[in-house]
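Contents: one structure, followed by commentary.
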Amino acid sequence: MSENLTQNEQDPPPESPDGADTANDGAPETDCANASNTALPDEAAASRDTAKETTAISERKTPDYHVTQRKQSIFKNKKFFNFFVVPMGILIFSALRVVSVNMFIIPNNFASGGATGIGNMIEFATGFSSGWTILLVNVPLLILSFIFLNKSFAVKSAIAIAVSSAAMALLRDPMKKFAYTGNPMLAALAAGVLGGVALAIMFKIGGSSGGSDIGAMFIQKKFAATNVSWFIYAIDAVVVLVSMFVYKDTYGTEGMALFTPVLLSLLQMFCSSMVCDVISTGFKSAIKFEIVTRDPEGLSRDIIERLGRGVTCVPVKGMYSHDDKFMLVCIIRKSQLADFNRILSHYPDTFAYITNTSEVMGNGFSR
């Protein structure tokens with residue numbers, strides 16, 4: 001099960017590990033806190049010296065923190081985003097889409113899903129540029145989205161579709177000499193990767209590549225509980241099945257040869273979807289551990305010191321044995337899973353389970 005979590009207690013500064021338990025600030029002290037915070041009277045002077053050193057270190061790091069915050073605020077600036085990030089995103093999207101269609105899809109005679117696939121088949125059958133077909137199919141959808149949906153979304157999508165469609169049509173002949181006509185499977189993979197990156201860029205700037213995506217938004221607005229992904233898949237499936245008959249003379253009609261354009265289309269769409277998902281959420285995904293243990297202090301110390309991740313401790317009680325235990329909550333990167341398992345192996349009496357998280361925001365993770 002995937003979760004979207006806000007993890008504010010992660011990555012405590014090395015010099016102040018107690019910051020990992022910020023989730024418990026303001027709450028009554030538990031045994032977890034008492035075990036680590038109890039100091040003997042003879043150690044009072046040493047504790048005060050340590051606190052002063054920690055404060056001094058924190059103060060020296062403050063300017064770097066503010067510099068980072070200023071850098072982040074630049075990219076969150078609305079004018080900077082609208083007048084630089086969005087235009088650059090549209091240009092990159094258009095370039096990737098033109099290369100994907102003109103160099104890999106059209107020369108290898110298969111169709112992608114949606115409006116682009118319709119344009120590909122019409123160009124194969126009639127010679128009319130797929131770029132203009134894609135634009136004509138999207139014009140009514142863009143007008144309706146401007147009236148009934150988000151205007152900013154409609155404008156960004158319209159500009160991106162217009163630029164990419166015009167470039168696709170105008171560069172069709174000049175790009176023929178660069179067309180890849182080798183292994184069709186490699187062409188489908190390349191087209192899928194480029195298309196997935198282009199689609200992720202449009203999603204990041206708040207736009208769309210048009211076609212079935214816009215139609216799905218209308219359905220989502222009308223029927224909020226509807227799973228629109230099935231609507232998109234249905235449209236793409238119809239386009240892909242029709243392509244089997246459009247390209248039958250290219251790959252033949254004997255045996256499985258008839259299904260070759262369908263398989264290439266499915267491979268291209270699968271790669272595009274996977275790449276888009278990885279770029280959109282994959283790099284922000286993480287793993288959430290919940291660990292029931294009798295030794296929260298030792299296990300927490302190992303996690304904080306060896307992985308640099310914060311831990312939240314919650315007192316729990318087993319209803320079968322009625323024993324008082326502690327549950328540790330920790331979120332780590334997937335690359336840290338092997339190290340985390342090695343730490344757990346030193347605590348054989350612990351019980352742990354994993355939950356995949358699709359996105360994590362907070363200290364030590366993206367914001």
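Labels for the structure tokens follow display order: chains A, B, ..., residues from 1 in each chain, ligands from 1.
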Return as a VMD selection string the full set of residues in region 63-213 of chain A whose backbone-based DSSP assignment is alpha helix (DSSP H).
-> chain A and resid 63 to 76 78 to 80 86 to 99 114 to 126 130 to 148 151 to 170 184 to 204 212 to 213
Could you produce a table of the residues of region 95-194 of chain A lying within 10 Å of region 241-250 of chain A, with the nearest pair of atoms per residue and their separation in Å rounded to one decimal, using only C-alpha atoms, ordered by chain and increasing residue number, as a Markdown table?
```
| residue | atom | partner | partner_atom | distance |
| --- | --- | --- | --- | --- |
| A:Asn108 | CA | A:Thr250 | CA | 9.3 |
| A:Asn109 | CA | A:Tyr247 | CA | 6.6 |
| A:Phe110 | CA | A:Ser243 | CA | 6.9 |
| A:Ala111 | CA | A:Ser243 | CA | 6.3 |
| A:Ser112 | CA | A:Ser243 | CA | 9.1 |
| A:Gly113 | CA | A:Ser243 | CA | 9.7 |
| A:Gly117 | CA | A:Ser243 | CA | 8.2 |
| A:Ile118 | CA | A:Ser243 | CA | 8.8 |
| A:Asn120 | CA | A:Ser243 | CA | 9.2 |
| A:Met121 | CA | A:Val246 | CA | 6.8 |
| A:Ile122 | CA | A:Val246 | CA | 9.1 |
| A:Phe124 | CA | A:Val246 | CA | 8.1 |
| A:Ala125 | CA | A:Val246 | CA | 7.4 |
```
With a distance cut-off of 12 Å and only C-alpha atoms, select the neighbouring residues of region 181-186 of chain A, excluding the residue or stretch itself and same-chain residues fewer than 6 positions from it, and output the selection as a list in words.
-> Ser100, Asn102, Met103, Phe104, Ile105, Ile106, Pro107, Asn108, Asn109, Phe110, Gly192, Val193, Tyr251, Thr260, Pro261, Val262, Leu263, Leu264, Ser265, Leu266, Leu267, Gln268 and Cys271 of chain A
Got time to write the residues from that selection, C-alpha atoms, as a PDB file, in the first residue's frame?
```pdb
ATOM      1  CA  SER A 100      10.032  10.503 -30.739  1.00  0.00           C
ATOM      2  CA  ASN A 102       9.492  11.649 -36.577  1.00  0.00           C
ATOM      3  CA  MET A 103      12.597   9.568 -35.902  1.00  0.00           C
ATOM      4  CA  PHE A 104      11.241   6.428 -34.224  1.00  0.00           C
ATOM      5  CA  ILE A 105       7.465   5.933 -34.517  1.00  0.00           C
ATOM      6  CA  ILE A 106       6.614   6.944 -38.093  1.00  0.00           C
ATOM      7  CA  PRO A 107       9.655   5.318 -39.808  1.00  0.00           C
ATOM      8  CA  ASN A 108       8.895   1.987 -38.075  1.00  0.00           C
ATOM      9  CA  ASN A 109       5.195   1.923 -38.913  1.00  0.00           C
ATOM     10  CA  PHE A 110       3.381   1.647 -35.613  1.00  0.00           C
ATOM     11  CA  GLY A 192       8.628   5.393 -25.104  1.00  0.00           C
ATOM     12  CA  VAL A 193      11.495   6.852 -23.090  1.00  0.00           C
ATOM     13  CA  TYR A 251       4.453  -6.630 -41.307  1.00  0.00           C
ATOM     14  CA  THR A 260       3.571  -6.730 -34.590  1.00  0.00           C
ATOM     15  CA  PRO A 261       2.378  -3.082 -34.724  1.00  0.00           C
ATOM     16  CA  VAL A 262       0.155  -3.744 -31.704  1.00  0.00           C
ATOM     17  CA  LEU A 263       3.048  -5.175 -29.680  1.00  0.00           C
ATOM     18  CA  LEU A 264       5.310  -2.288 -30.653  1.00  0.00           C
ATOM     19  CA  SER A 265       2.615   0.209 -29.617  1.00  0.00           C
ATOM     20  CA  LEU A 266       2.101  -1.514 -26.280  1.00  0.00           C
ATOM     21  CA  LEU A 267       5.853  -1.548 -25.636  1.00  0.00           C
ATOM     22  CA  GLN A 268       6.127   2.149 -26.465  1.00  0.00           C
ATOM     23  CA  CYS A 271       7.885   2.540 -21.447  1.00  0.00           C
TER      24      CYS A 271
END
```
Nearest to Thr293 (chain A), chosen from A:Trp132, A:Tyr347, A:Phe231, A:Phe148, with only C-alpha atoms counted in the distances = A:Tyr347
Choose the residue, out of A:Gly114, A:Ser94, A:Ile214, A:Ile235, that has the smallest atom-to-atom separation from Pro140 (chain A); count only C-alpha atoms.
->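 With only C-alpha atoms as the atom set, the closest residue is A:Ile214.
Candidate residues A:Arg294, A:Ala257, A:Ile205, A:Val137 were compared for distance to Phe83 (chain A), and the nearest is A:Ile205, using only C-alpha atoms.
All residues of region 192-323 of chain A that DSSP, run on the backbone, classes as strand (DSSP E or B) are Ala286, Ile287, Lys288, Phe289, Glu290, Ile291, Val292, Thr293, Thr312, Cys313, Val314, Pro315, Val316 and Lys317 of chain A.
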Could you tell me how far CA of Ala154 (chain A) lies from CA of Gly207 (chain A), in Å and to one decimal?
-> 7.2 Å
Using only C-alpha atoms, find the one residue out of A:Val139, A:Val329, A:Leu299, A:Ala162 that sits nearest to Ile90 (chain A).
->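 Of the candidates, the smallest distance to Ile90 (chain A) is held by A:Ala162.
Between Ala198 (chain A) and the residues A:Ser164, A:Ser145, A:Thr312, A:Asp339, the shortest atom-to-atom distance, using only C-alpha atoms, involves A:Ser164.
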